[in-house]
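To start, the structure under review is shown below, and the notes come after it.
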Amino acid sequence: MAVKREKIHFESVEELLGAPVTKDGTEEIRIDQIFPFENHPFKVLDDDRMQELVESIKSNGVLSPVIVRPDDEGTYEMISGHRRMHAAKLAGLTTVPAIVKQLTNDEAVILMVDANIQREEILPSERAFSLKMKMDAMNRQGARTDLTLGRDVPKWSHEEIGKENGISGRQVKRYIRLTELIPEMLDMVDDKRLGLMLAVDISFFDKDLQKWLYEYIRENGFLKSDQIAALKNTPNLENVTQYTMIQILNSALPEVKVSGKVTLSEKKLDKYFPPHFSAVQREKVIIGLLEEWQSRKDGE
């Protein structure tokens, strides 16, 4: 039985787009002293939501402090609040309220992901890279040496990571596979031009083959699961050329059936028959004309 999830109420636009509100232990930090988290997967877009956030900040200031950590240069690295800081810049602010935390690299990754991944709207690429970053960080934190195997064994499974983020372990595994896609193909997933399951299958192909598949989709406007299945079943796939790949994909498409039925609407036939002619009478005339045409053709 599915678990009923409690609805979360956001008090402000800031909460909707970022981390929870924390009012204690904040300080004002200059925006030009805060730098983005290295390789963070979350996109800062100048869309309608960003404009709403800018207007909110102009009216009320930044209500939810950002979270940063000090770096080795005497400045700060953003952990949570990239959108709020961008909006604050657009609103003309030079400082933002911030909570400074002393964090290791792995702790920073985990906090950065957890503060962003529960947003109402998140792109597949954002979820993919954030889950991978979190899993790698937690495995580094919790790695243990197995005396039998003589090597480090990851502590965290896909199921455990999924449970923390409200999805199944299978979904975690699928999303992480998306990180193996070329950027152009991943953009197609974000734009909903390529389904998640098909994208996961494509992620197992090498980069050259992915590039050719991307060009095929761009040229033809589609890619079907039967085509990918045919490609996966091709022997010596590593030696396939782009031309051969196209042949494989096209041959996997179902043949177009040509219907033997021809329909003539009454509106078209009314131009040639008197109103009192019945359907049977019209059919006889048409058949007679066709027989006459066939006779003439045979006599040529």
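Residues are referred to by chain and number: the chain letter is A, B, ... according to the order shown in the structure tokens, the number counts from 1 in that chain, and ligands are numbered separately from 1 in the order shown.
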Can you list, as a PyMOL selection string, all residues belonging to segment 26-262 of chain A that DSSP tags as alpha helix (DSSP H)? chain A and resi 48-60+82-90+105-116+124-142+158-165+169-177+183-190+196-202+207-220+225-232+242-251
I need the residues in segment 30-263 of chain A that are strand (DSSP E or B) according to DSSP; give them as a ChimeraX atom specification. /A:30,34-35,66-70,76-80,95-100,144-146,151-153
Using only C-alpha atoms, pick whichever of A:Val66, A:Leu290, A:Ile79, A:Ile122 has the shortest atom-to-atom distance to Pro97 of chain A.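 For Pro97 of chain A, the nearest of the candidates is A:Val66.
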Using only C-alpha atoms, the residue out of A:Ser80, A:Asn60, A:Asn233, A:Ser265 with shortest distance to Leu93 of chain A is A:Asn60
By how many Å are atom CA of Pro275 of chain A and atom CA of Thr263 of chain A apart?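 Calculated distance between atom CA of Pro275 of chain A and atom CA of Thr263 of chain A is 19.2 Å.
If you look at atom CA of Leu209 of chain A and atom CA of Gln242 of chain A, they are 7.6 Å away from each other.
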If we count only C-alpha atoms and set the cut-off at 9 Å, which residues sit around segment 128-134 of chain A, ignoring sequence neighbours fewer than 4 positions away in its own chain? Please answer as a PyMOL selection string. chain A and resi 40-42+106+109-114+116-117+123-124+138-139+161-162+165+172+174-179
